[in-house]
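Structure file entry16.cif (mmCIF, C-alpha atoms and all ligand atoms) is printed below.
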```
data_start
loop_
_atom_site.label_atom_id
_atom_site.label_comp_id
_atom_site.auth_asym_id
_atom_site.auth_seq_id
_atom_site.Cartn_x
_atom_site.Cartn_y
_atom_site.Cartn_z
CA MET A 1 -59.65 7.17 11.19
CA PRO A 2 -63.15 7.08 12.72
CA SER A 3 -66.09 7.62 10.38
CA PHE A 4 -67.49 11.09 9.74
CA TRP A 5 -70.58 10.34 11.75
CA THR A 6 -68.56 9.18 14.75
CA LEU A 7 -66.74 12.50 14.71
CA VAL A 8 -69.94 14.45 14.16
CA ASN A 9 -71.70 12.73 17.07
CA LYS A 10 -68.75 13.55 19.27
CA VAL A 11 -68.77 17.22 18.26
CA ILE A 12 -72.53 17.53 18.75
CA GLU A 13 -72.19 16.04 22.21
CA GLU A 14 -69.27 18.23 23.22
CA ALA A 15 -70.49 21.54 21.78
CA ASP A 16 -72.71 24.15 23.46
CA VAL A 17 -73.58 25.79 20.13
CA LEU A 18 -73.42 24.38 16.58
CA LEU A 19 -72.74 26.26 13.37
CA LEU A 20 -74.25 24.62 10.28
CA VAL A 21 -72.24 26.10 7.44
CA LEU A 22 -73.94 26.46 4.04
CA ASP A 23 -72.79 27.93 0.69
CA ALA A 24 -74.64 31.18 -0.19
CA ARG A 25 -74.68 30.21 -3.86
CA LEU A 26 -76.55 26.96 -3.18
CA VAL A 27 -78.13 27.22 0.23
CA GLN A 28 -80.62 24.37 -0.08
CA GLU A 29 -78.20 22.02 -1.83
CA SER A 30 -75.59 22.44 0.86
CA ARG A 31 -77.97 21.47 3.66
CA ASN A 32 -77.65 18.02 5.14
CA ILE A 33 -80.97 16.93 6.61
CA GLU A 34 -79.51 13.98 8.52
CA LEU A 35 -77.04 16.30 10.23
CA GLU A 36 -79.74 18.85 11.06
CA ARG A 37 -81.88 16.12 12.57
CA LYS A 38 -79.04 14.97 14.80
CA VAL A 39 -78.45 18.52 16.03
CA GLN A 40 -82.14 19.05 16.73
CA ASP A 41 -82.47 15.69 18.50
CA ALA A 42 -79.56 16.67 20.75
CA GLY A 43 -81.46 19.83 21.67
CA LYS A 44 -78.43 22.04 21.12
CA PRO A 45 -78.79 25.64 19.91
CA PHE A 46 -77.59 26.13 16.33
CA ILE A 47 -77.16 28.83 13.70
CA TYR A 48 -77.20 28.37 9.92
CA VAL A 49 -74.10 30.21 8.78
CA ILE A 50 -74.51 31.22 5.13
CA SER A 51 -70.89 31.39 4.01
CA LYS A 52 -69.30 32.94 0.89
CA SER A 53 -71.95 35.66 0.93
CA ASP A 54 -69.56 37.77 -1.15
CA LEU A 55 -70.46 35.44 -4.04
CA ALA A 56 -74.28 35.52 -3.89
CA GLU A 57 -77.24 37.08 -2.08
CA ALA A 58 -78.75 34.13 -0.26
CA GLY A 59 -81.85 35.95 0.98
CA ASP A 60 -83.50 35.26 4.30
CA VAL A 61 -84.41 31.64 3.66
CA LEU A 62 -83.58 29.82 6.87
CA GLN A 63 -84.01 30.62 10.53
CA PRO A 64 -81.94 31.26 12.54
CA SER A 65 -79.33 32.25 10.01
CA ILE A 66 -76.57 34.77 9.47
CA ALA A 67 -74.77 35.63 6.22
CA VAL A 68 -70.99 35.85 6.47
CA SER A 69 -67.98 36.14 4.21
CA SER A 70 -64.52 35.08 5.16
CA LYS A 71 -63.21 37.13 2.23
CA ASP A 72 -64.41 40.53 3.40
CA TYR A 73 -65.31 39.70 7.04
CA ARG A 74 -69.00 40.51 6.52
CA GLY A 75 -71.12 39.23 9.40
CA ILE A 76 -68.19 37.87 11.39
CA GLY A 77 -68.55 40.23 14.39
CA ALA A 78 -72.31 39.71 14.44
CA LEU A 79 -71.84 35.94 14.40
CA LYS A 80 -69.47 36.12 17.35
CA ARG A 81 -72.06 38.10 19.33
CA ARG A 82 -74.84 35.66 18.40
CA ILE A 83 -72.72 32.73 19.63
CA LEU A 84 -72.10 34.39 22.97
CA THR A 85 -75.78 35.31 23.38
CA LEU A 86 -76.91 31.77 22.63
CA ALA A 87 -74.42 30.13 24.94
CA LYS A 88 -75.56 31.66 28.24
CA LYS A 89 -72.29 30.65 29.88
CA GLN A 90 -68.80 31.98 30.26
CA ALA A 91 -66.76 29.53 28.16
CA VAL A 92 -68.45 28.26 25.00
CA ILE A 93 -67.58 25.28 22.83
CA VAL A 94 -68.72 25.77 19.24
CA GLY A 95 -68.88 22.91 16.72
CA VAL A 96 -68.51 23.89 13.05
CA LEU A 97 -70.26 21.44 10.72
CA GLY A 98 -71.07 21.22 7.01
CA TYR A 99 -70.19 19.69 3.67
CA PRO A 100 -66.60 19.64 2.46
CA ASN A 101 -65.42 22.88 0.89
CA VAL A 102 -68.26 25.12 2.12
CA GLY A 103 -65.76 27.26 4.01
CA LYS A 104 -65.68 25.93 7.58
CA SER A 105 -61.95 26.36 8.14
CA SER A 106 -61.98 29.80 6.49
CA LEU A 107 -64.80 30.84 8.81
CA ILE A 108 -62.83 29.75 11.85
CA ASN A 109 -59.85 31.78 10.67
CA SER A 110 -62.04 34.86 10.22
CA LEU A 111 -63.49 34.46 13.69
CA LYS A 112 -60.00 34.18 15.11
CA GLY A 113 -58.67 37.01 12.96
CA LYS A 114 -55.67 35.07 11.74
CA GLY A 115 -54.96 31.81 9.97
CA SER A 116 -55.13 28.90 12.40
CA ALA A 117 -57.20 26.36 10.52
CA SER A 118 -55.79 25.03 7.26
CA VAL A 119 -57.77 25.92 4.09
CA SER A 120 -57.71 24.44 0.57
CA PRO A 121 -59.70 24.68 -2.68
CA LEU A 122 -59.64 20.87 -2.82
CA SER A 123 -62.38 19.22 -0.79
CA GLY A 124 -61.78 16.90 2.14
CA HIS A 125 -58.91 19.05 3.34
CA THR A 126 -59.56 19.06 7.08
CA ARG A 127 -59.01 15.67 8.68
CA GLY A 128 -59.99 14.79 12.23
CA LEU A 129 -61.10 17.42 14.72
CA GLN A 130 -59.11 20.63 15.18
CA LYS A 131 -59.69 22.91 18.14
CA VAL A 132 -59.09 26.63 17.77
CA ARG A 133 -59.46 29.11 20.63
CA VAL A 134 -60.96 32.54 19.86
CA GLY A 135 -60.51 35.07 22.64
CA LYS A 136 -61.18 34.11 26.23
CA ARG A 137 -64.67 32.70 25.85
CA ILE A 138 -64.92 30.73 22.59
CA MET A 139 -63.41 27.38 21.62
CA LEU A 140 -64.19 26.32 18.04
CA ILE A 141 -64.03 22.75 16.80
CA ASP A 142 -63.26 22.43 13.07
CA THR A 143 -64.47 19.20 11.49
CA PRO A 144 -64.01 17.39 8.18
CA GLY A 145 -66.99 17.84 5.85
CA VAL A 146 -69.95 15.58 6.44
CA ILE A 147 -70.73 13.29 3.54
CA PRO A 148 -74.00 11.47 4.14
CA TYR A 149 -74.17 7.77 3.46
CA ASN A 150 -76.02 6.80 0.27
CA GLU A 151 -75.43 10.20 -1.22
CA LYS A 152 -75.51 9.52 -4.93
CA ASP A 153 -76.21 13.03 -6.03
CA PHE A 154 -72.97 13.73 -7.80
CA MET A 155 -74.40 16.87 -9.43
CA LYS A 156 -75.04 18.49 -6.09
CA GLN A 157 -71.65 17.47 -4.72
CA SER A 158 -69.85 18.79 -7.78
CA VAL A 159 -71.65 22.09 -7.65
CA ILE A 160 -70.84 22.69 -3.97
CA GLY A 161 -67.28 21.49 -4.50
CA THR A 162 -67.66 18.48 -2.22
CA ILE A 163 -66.23 16.63 -5.20
CA ASP A 164 -63.52 19.03 -6.34
CA TYR A 165 -62.72 19.84 -9.96
CA LEU A 166 -59.88 17.31 -10.10
CA HIS A 167 -62.21 14.46 -9.22
CA VAL A 168 -65.44 15.25 -11.10
CA ARG A 169 -65.77 12.58 -13.80
CA GLU A 170 -68.24 14.35 -16.09
CA PRO A 171 -67.50 18.06 -15.80
CA ASP A 172 -69.55 18.78 -18.95
CA VAL A 173 -72.71 17.41 -17.31
CA VAL A 174 -72.15 19.50 -14.18
CA VAL A 175 -71.34 22.68 -16.07
CA SER A 176 -74.34 22.26 -18.38
CA GLY A 177 -76.58 21.96 -15.34
CA LEU A 178 -75.00 25.01 -13.73
CA MET A 179 -75.38 27.08 -16.90
CA GLN A 180 -79.06 26.26 -17.11
CA ARG A 181 -79.56 27.24 -13.52
CA PHE A 182 -77.47 30.45 -13.62
CA PRO A 183 -77.39 31.56 -17.28
CA GLU A 184 -76.77 35.25 -16.49
CA LYS A 185 -73.72 34.50 -14.36
CA PHE A 186 -72.09 32.46 -17.13
CA GLU A 187 -73.00 35.01 -19.79
CA LYS A 188 -71.42 37.79 -17.78
CA PHE A 189 -68.25 35.86 -16.96
CA TYR A 190 -67.53 34.30 -20.37
CA GLY A 191 -69.20 36.85 -22.66
CA VAL A 192 -71.32 34.25 -24.46
CA LYS A 193 -75.05 33.76 -24.98
CA VAL A 194 -76.23 30.77 -22.94
CA THR A 195 -78.76 28.98 -25.15
CA ASP A 196 -80.84 25.87 -24.40
CA ASP A 197 -77.98 23.86 -25.92
CA PRO A 198 -75.36 24.08 -23.14
CA ASP A 199 -73.08 21.52 -24.84
CA GLY A 200 -72.95 23.83 -27.83
CA VAL A 201 -72.00 26.72 -25.57
CA ILE A 202 -69.15 24.70 -24.04
CA GLU A 203 -67.90 23.83 -27.54
CA GLU A 204 -68.08 27.45 -28.61
CA LEU A 205 -66.01 28.46 -25.58
CA ALA A 206 -63.52 25.66 -26.24
CA LEU A 207 -62.98 26.99 -29.76
CA LYS A 208 -62.74 30.57 -28.60
CA ASN A 209 -60.17 29.67 -25.92
CA HIS A 210 -58.20 27.25 -28.12
CA VAL A 211 -59.03 24.29 -25.88
CA LEU A 212 -58.67 21.76 -28.68
CA ARG A 213 -58.07 18.10 -29.31
CA LYS A 214 -55.65 16.78 -31.90
CA GLY A 215 -56.93 17.77 -35.33
CA GLY A 216 -58.23 21.13 -34.10
CA LYS A 217 -61.64 19.95 -32.83
CA PRO A 218 -62.96 21.57 -29.64
CA ASP A 219 -62.35 19.61 -26.43
CA PRO A 220 -65.54 20.16 -24.39
CA ILE A 221 -64.49 17.97 -21.46
CA ARG A 222 -61.29 19.92 -20.86
CA MET A 223 -63.15 23.22 -21.35
CA ALA A 224 -65.88 22.16 -18.92
CA ARG A 225 -63.28 21.21 -16.31
CA ARG A 226 -61.75 24.68 -16.61
CA MET A 227 -65.20 26.20 -16.19
CA LEU A 228 -65.78 24.06 -13.12
CA VAL A 229 -62.54 25.41 -11.65
CA ASP A 230 -63.86 28.96 -12.23
CA TRP A 231 -67.12 28.01 -10.51
CA GLN A 232 -65.65 26.14 -7.56
CA GLN A 233 -63.08 28.85 -6.93
CA GLY A 234 -65.82 31.47 -6.83
CA ARG A 235 -64.84 33.49 -9.89
CA ILE A 236 -68.25 33.16 -11.56
CA THR A 237 -70.60 35.36 -9.51
N1 LIG A 301 -65.27 33.78 -2.10
C1 LIG A 301 -65.16 33.13 -0.95
N2 LIG A 301 -64.46 31.97 -0.90
C2 LIG A 301 -64.37 31.32 0.26
C3 LIG A 301 -64.99 31.83 1.45
N3 LIG A 301 -64.74 30.95 2.46
C4 LIG A 301 -63.99 29.95 1.92
N4 LIG A 301 -63.77 30.16 0.60
C5 LIG A 301 -63.00 29.29 -0.31
O1 LIG A 301 -63.60 28.00 -0.33
C6 LIG A 301 -62.60 26.96 -0.39
C7 LIG A 301 -62.77 25.97 0.76
O2 LIG A 301 -62.54 26.63 1.99
P1 LIG A 301 -62.23 25.82 3.35
O3 LIG A 301 -62.33 26.82 4.45
O4 LIG A 301 -60.99 25.00 3.22
O5 LIG A 301 -63.52 24.86 3.38
P2 LIG A 301 -63.83 23.67 4.42
O6 LIG A 301 -65.32 23.66 4.58
O7 LIG A 301 -63.02 23.80 5.63
O8 LIG A 301 -63.39 22.41 3.55
P3 LIG A 301 -62.95 20.90 4.07
O9 LIG A 301 -61.92 21.06 5.13
O10 LIG A 301 -62.42 20.30 2.80
O11 LIG A 301 -64.21 20.25 4.55
C8 LIG A 301 -61.24 27.69 -0.38
O12 LIG A 301 -60.80 27.82 -1.71
C9 LIG A 301 -61.59 29.05 0.23
O13 LIG A 301 -60.69 30.07 -0.19
C10 LIG A 301 -65.71 33.08 1.38
O14 LIG A 301 -66.31 33.60 2.34
N5 LIG A 301 -65.77 33.67 0.15
MG MG A 302 -61.63 22.53 6.44
#
```

Would you write the structure of this file as structure tokens?
Amino acid sequence: MPSFWTLVNKVIEEADVLLLVLDARLVQESRNIELERKVQDAGKPFIYVISKSDLAEAGDVLQPSIAVSSKDYRGIGALKRRILTLAKKQAVIVGVLGYPNVGKSSLINSLKGKGSASVSPLSGHTRGLQKVRVGKRIMLIDTPGVIPYNEKDFMKQSVIGTIDYLHVREPDVVVSGLMQRFPEKFEKFYGVKVTDDPDGVIEELALKNHVLRKGGKPDPIRMARRMLVDWQQGRIT
């Protein structure tokens, strides 16, 4: 299989408009500067599509952007109109780019109005390029998520779901970081007080939920992995 960047270059070349899909919960973290540079260098019109906007208010941070949700169809009609306005031609090819798991395939299905692109909570689901026609004028190209070379930031990838919950090695580190960043969300979802000792909070939850090791001690790693599932599947909002 060709490398991600080979596919991405091909899509950028072929497309008339590019959608850069970002996660509303972590807009800045889900940007990929290398990808944005390529799109800008190619001189192609693009839109930041802030996906999963049912899970968080992203605010008006990037231009040009539009907030959408594939769960409740928010912003989907408006996005379709924006694409057609930008294209200035009758038949438009639209490339859909972004990290694994940000919701690219789901977005394509919402634009089409029925399931055509395959979706999964595990990252790296879409392989190769998939073309999906929407109405008479729009052809969408679904892509696998872009993982930049030299990306060592496992925290960021775990939080976006680029590394899915099955593959995160240190879920306790990720969940501690998330709790410190979004204490209110975790307090509301789990009914605990998030203190400045996140490991203690994970242990408390492990005890409360009977996530135990042999001998009855709390199992924070297993508890943290469960919490990461809740986060990555969008239950903690
Ligand atoms: N709450 C919520 N969840 C979403 C939304 N869009 C996608 N998801 C969920 O996010 C996960 C990933 O969705 P996909 O559409 O497969 O993401 P992708 O970017 O195509 O992922 P890859 O093909 O792995 O690169 C799935 O569990 C979806 O149900 C949304 O608007 N709201
Ligand atoms: Mg996909």

Once you count all atoms listed in the file, which residues end up within 6 Å of ligand LIG 301 (chain A), and could you hand them over as a list in words?
Ser51, Lys52, Asp54, Leu55, Ser69, Ser70, Lys71, Pro100, Asn101, Val102, Gly103, Lys104, Ser105, Ser106, Val119, Ser120, Pro121, Ser123, Gly124, His125, Thr126, Pro144, Gly145, Gln233 and Gly234 of chain A

Atom CA of Pro45 of chain A and atom CA of Arg127 of chain A are how many Å apart?
24.8 Å

Just give me the residues with any atom within 12 Å of (-74.7, 18.1, -7.5), file coordinates, counting all atoms listed in the file, written as an NGL selection string.
:A and (26 or 28-30 or 151-164 or 168 or 170-171 or 173-178 or 181)

Write out as a PyMOL selection string each polymer residue whose atoms come within 6 Å of Gly98 of chain A, counting only C-alpha atoms; drop sequence neighbours fewer than 5 positions from it.
chain A and resi 20-21+145-146

Step by step: start from the point (-67.1, 35.4, -11.7) in the file's coordinates, keep every protein, DNA or RNA residue that has an atom no farther than 10 Å from it, count only C-alpha atoms, and write the set as a short mmCIF file (atom, residue, chain, number, x, y, z; two decimals) with C-alpha atoms, in the frame of the given file.
```cif
data_model
loop_
_atom_site.label_atom_id
_atom_site.label_comp_id
_atom_site.auth_asym_id
_atom_site.auth_seq_id
_atom_site.Cartn_x
_atom_site.Cartn_y
_atom_site.Cartn_z
CA LEU A 55 -70.46 35.44 -4.04
CA LYS A 185 -73.72 34.50 -14.36
CA PHE A 186 -72.09 32.46 -17.13
CA LYS A 188 -71.42 37.79 -17.78
CA PHE A 189 -68.25 35.86 -16.96
CA TYR A 190 -67.53 34.30 -20.37
CA ASP A 230 -63.86 28.96 -12.23
CA TRP A 231 -67.12 28.01 -10.51
CA GLN A 233 -63.08 28.85 -6.93
CA GLY A 234 -65.82 31.47 -6.83
CA ARG A 235 -64.84 33.49 -9.89
CA ILE A 236 -68.25 33.16 -11.56
CA THR A 237 -70.60 35.36 -9.51
#
```

If you count only C-alpha atoms, which residues fall within 12 Å of Val39 of chain A, apart from same-chain ones fewer than 6 positions away, as an MDAnalysis selection string?
chainID A and resid 8:20 32:33 45:48 95:98

Atomic distance atom CA of Thr143 of chain A - atom CA of Leu129 of chain A, expressed in Å with one decimal
5.0 Å

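For the residues A:Tyr73, A:Tyr165, A:Tyr99, A:Trp5, ranking by smallest atom-to-atom distance to ligand MG 302 (chain A) using all atoms listed in the file places A:Tyr99 first.
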
All residues 10 Å or closer to Leu79 of chain A, all atoms listed in the file, same chain fewer than 2 positions away omitted, as a list in words:
Leu19, Ile47, Val49, Ser65, Ile66, Ala67, Val68, Arg74, Gly75, Ile76, Gly77, Arg81, Arg82, Ile83, Leu84, Thr85 and Leu111 of chain A

Using atom CA of Lys131 of chain A and atom CA of Gly43 of chain A as the two end points, give the distance in Å to one decimal.
22.3 Å

Point out the residue among A:Met223, A:Leu122, A:Phe182, A:Asp197 with the least atom-to-atom distance to ligand MG 302 (chain A), counting all atoms listed in the file.
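Distance minimum relative to ligand MG 302 (chain A) lands on A:Leu122.
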
Using only C-alpha atoms, which of A:Ala224, A:Leu166, A:Ala117, A:Glu57 sits nearest Gly200 of chain A?
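Closest to Gly200 of chain A, using only C-alpha atoms: A:Ala224.
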
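Shortest atom-to-atom contact with Asp23 of chain A among A:Gln232, A:Ser118, A:Lys136, A:Ile141: A:Gln232, counting only C-alpha atoms.
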
When distances are computed from all atoms listed in the file, which of A:His167, A:Arg226, A:Pro64, A:Arg37 shows the smallest separation from Val211 of chain A?
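For Val211 of chain A, the nearest of the given residues is A:Arg226.
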
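With distances restricted to all atoms listed in the file, A:Asp60 is the closest residue to Ala24 of chain A from A:Asp60, A:Ile93, A:Glu36, A:Phe4.
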
Fix up segment 95-119 of chain A with N, CA, C and O atoms, then write it as a PDB file, in the frame of the given file.
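Okay, selection39.pdb is ready:
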```pdb
ATOM      1  N   GLY A  95     -69.194  23.895  17.764  1.00  0.00           N
ATOM      2  CA  GLY A  95     -68.880  22.910  16.720  1.00  0.00           C
ATOM      3  C   GLY A  95     -69.217  23.495  15.351  1.00  0.00           C
ATOM      4  O   GLY A  95     -70.281  24.080  15.169  1.00  0.00           O
ATOM      5  N   VAL A  96     -68.299  23.342  14.392  1.00  0.00           N
ATOM      6  CA  VAL A  96     -68.510  23.890  13.050  1.00  0.00           C
ATOM      7  C   VAL A  96     -68.693  22.717  12.082  1.00  0.00           C
ATOM      8  O   VAL A  96     -67.772  21.938  11.865  1.00  0.00           O
ATOM      9  N   LEU A  97     -69.915  22.613  11.526  1.00  0.00           N
ATOM     10  CA  LEU A  97     -70.260  21.440  10.720  1.00  0.00           C
ATOM     11  C   LEU A  97     -70.733  21.840   9.328  1.00  0.00           C
ATOM     12  O   LEU A  97     -71.279  22.931   9.147  1.00  0.00           O
ATOM     13  N   GLY A  98     -70.566  20.970   8.363  1.00  0.00           N
ATOM     14  CA  GLY A  98     -71.070  21.220   7.010  1.00  0.00           C
ATOM     15  C   GLY A  98     -70.309  20.424   5.986  1.00  0.00           C
ATOM     16  O   GLY A  98     -69.284  19.820   6.296  1.00  0.00           O
ATOM     17  N   TYR A  99     -70.822  20.435   4.764  1.00  0.00           N
ATOM     18  CA  TYR A  99     -70.190  19.690   3.670  1.00  0.00           C
ATOM     19  C   TYR A  99     -68.743  20.115   3.462  1.00  0.00           C
ATOM     20  O   TYR A  99     -68.382  21.237   3.806  1.00  0.00           O
ATOM     21  N   PRO A 100     -67.955  19.245   2.841  1.00  0.00           N
ATOM     22  CA  PRO A 100     -66.600  19.640   2.460  1.00  0.00           C
ATOM     23  C   PRO A 100     -66.634  20.882   1.570  1.00  0.00           C
ATOM     24  O   PRO A 100     -67.536  21.033   0.749  1.00  0.00           O
ATOM     25  N   ASN A 101     -65.670  21.746   1.784  1.00  0.00           N
ATOM     26  CA  ASN A 101     -65.420  22.880   0.890  1.00  0.00           C
ATOM     27  C   ASN A 101     -66.401  24.054   1.029  1.00  0.00           C
ATOM     28  O   ASN A 101     -66.328  24.995   0.253  1.00  0.00           O
ATOM     29  N   VAL A 102     -67.331  23.999   1.985  1.00  0.00           N
ATOM     30  CA  VAL A 102     -68.260  25.120   2.120  1.00  0.00           C
ATOM     31  C   VAL A 102     -67.613  26.327   2.798  1.00  0.00           C
ATOM     32  O   VAL A 102     -68.169  27.427   2.773  1.00  0.00           O
ATOM     33  N   GLY A 103     -66.452  26.122   3.416  1.00  0.00           N
ATOM     34  CA  GLY A 103     -65.760  27.260   4.010  1.00  0.00           C
ATOM     35  C   GLY A 103     -65.681  27.233   5.530  1.00  0.00           C
ATOM     36  O   GLY A 103     -65.569  28.278   6.172  1.00  0.00           O
ATOM     37  N   LYS A 104     -65.712  26.044   6.116  1.00  0.00           N
ATOM     38  CA  LYS A 104     -65.680  25.930   7.580  1.00  0.00           C
ATOM     39  C   LYS A 104     -64.358  26.436   8.162  1.00  0.00           C
ATOM     40  O   LYS A 104     -64.342  27.227   9.101  1.00  0.00           O
ATOM     41  N   SER A 105     -63.251  25.964   7.589  1.00  0.00           N
ATOM     42  CA  SER A 105     -61.950  26.360   8.140  1.00  0.00           C
ATOM     43  C   SER A 105     -61.706  27.852   7.921  1.00  0.00           C
ATOM     44  O   SER A 105     -61.162  28.540   8.795  1.00  0.00           O
ATOM     45  N   SER A 106     -62.137  28.361   6.766  1.00  0.00           N
ATOM     46  CA  SER A 106     -61.980  29.800   6.490  1.00  0.00           C
ATOM     47  C   SER A 106     -62.774  30.625   7.511  1.00  0.00           C
ATOM     48  O   SER A 106     -62.306  31.665   7.982  1.00  0.00           O
ATOM     49  N   LEU A 107     -63.964  30.147   7.837  1.00  0.00           N
ATOM     50  CA  LEU A 107     -64.800  30.840   8.810  1.00  0.00           C
ATOM     51  C   LEU A 107     -64.108  30.903  10.173  1.00  0.00           C
ATOM     52  O   LEU A 107     -64.096  31.943  10.847  1.00  0.00           O
ATOM     53  N   ILE A 108     -63.519  29.801  10.563  1.00  0.00           N
ATOM     54  CA  ILE A 108     -62.830  29.750  11.850  1.00  0.00           C
ATOM     55  C   ILE A 108     -61.665  30.751  11.860  1.00  0.00           C
ATOM     56  O   ILE A 108     -61.461  31.482  12.823  1.00  0.00           O
ATOM     57  N   ASN A 109     -60.950  30.814  10.751  1.00  0.00           N
ATOM     58  CA  ASN A 109     -59.850  31.780  10.670  1.00  0.00           C
ATOM     59  C   ASN A 109     -60.362  33.214  10.768  1.00  0.00           C
ATOM     60  O   ASN A 109     -59.734  34.059  11.411  1.00  0.00           O
ATOM     61  N   SER A 110     -61.495  33.496  10.146  1.00  0.00           N
ATOM     62  CA  SER A 110     -62.040  34.860  10.220  1.00  0.00           C
ATOM     63  C   SER A 110     -62.469  35.192  11.636  1.00  0.00           C
ATOM     64  O   SER A 110     -62.289  36.309  12.108  1.00  0.00           O
ATOM     65  N   LEU A 111     -63.069  34.214  12.313  1.00  0.00           N
ATOM     66  CA  LEU A 111     -63.490  34.460  13.690  1.00  0.00           C
ATOM     67  C   LEU A 111     -62.270  34.723  14.572  1.00  0.00           C
ATOM     68  O   LEU A 111     -62.303  35.542  15.484  1.00  0.00           O
ATOM     69  N   LYS A 112     -61.206  34.017  14.290  1.00  0.00           N
ATOM     70  CA  LYS A 112     -60.000  34.180  15.110  1.00  0.00           C
ATOM     71  C   LYS A 112     -59.235  35.437  14.708  1.00  0.00           C
ATOM     72  O   LYS A 112     -58.550  36.041  15.532  1.00  0.00           O
ATOM     73  N   GLY A 113     -59.371  35.817  13.422  1.00  0.00           N
ATOM     74  CA  GLY A 113     -58.670  37.010  12.960  1.00  0.00           C
ATOM     75  C   GLY A 113     -57.296  36.703  12.398  1.00  0.00           C
ATOM     76  O   GLY A 113     -56.590  37.578  11.952  1.00  0.00           O
ATOM     77  N   LYS A 114     -56.896  35.458  12.430  1.00  0.00           N
ATOM     78  CA  LYS A 114     -55.670  35.070  11.740  1.00  0.00           C
ATOM     79  C   LYS A 114     -55.736  33.585  11.389  1.00  0.00           C
ATOM     80  O   LYS A 114     -56.550  32.851  11.933  1.00  0.00           O
ATOM     81  N   GLY A 115     -54.885  33.179  10.472  1.00  0.00           N
ATOM     82  CA  GLY A 115     -54.960  31.810   9.970  1.00  0.00           C
ATOM     83  C   GLY A 115     -54.526  30.776  10.994  1.00  0.00           C
ATOM     84  O   GLY A 115     -53.361  30.699  11.349  1.00  0.00           O
ATOM     85  N   SER A 116     -55.464  29.989  11.478  1.00  0.00           N
ATOM     86  CA  SER A 116     -55.130  28.900  12.400  1.00  0.00           C
ATOM     87  C   SER A 116     -55.559  27.564  11.834  1.00  0.00           C
ATOM     88  O   SER A 116     -54.947  26.545  12.067  1.00  0.00           O
ATOM     89  N   ALA A 117     -56.690  27.595  11.108  1.00  0.00           N
ATOM     90  CA  ALA A 117     -57.200  26.360  10.520  1.00  0.00           C
ATOM     91  C   ALA A 117     -56.748  26.325   9.059  1.00  0.00           C
ATOM     92  O   ALA A 117     -56.787  27.324   8.363  1.00  0.00           O
ATOM     93  N   SER A 118     -56.336  25.168   8.604  1.00  0.00           N
ATOM     94  CA  SER A 118     -55.790  25.030   7.260  1.00  0.00           C
ATOM     95  C   SER A 118     -56.920  24.986   6.219  1.00  0.00           C
ATOM     96  O   SER A 118     -57.924  24.318   6.405  1.00  0.00           O
ATOM     97  N   VAL A 119     -56.730  25.727   5.101  1.00  0.00           N
ATOM     98  CA  VAL A 119     -57.770  25.920   4.090  1.00  0.00           C
ATOM     99  C   VAL A 119     -57.250  25.438   2.739  1.00  0.00           C
ATOM    100  O   VAL A 119     -56.065  25.561   2.466  1.00  0.00           O
TER     101      VAL A 119
END
```
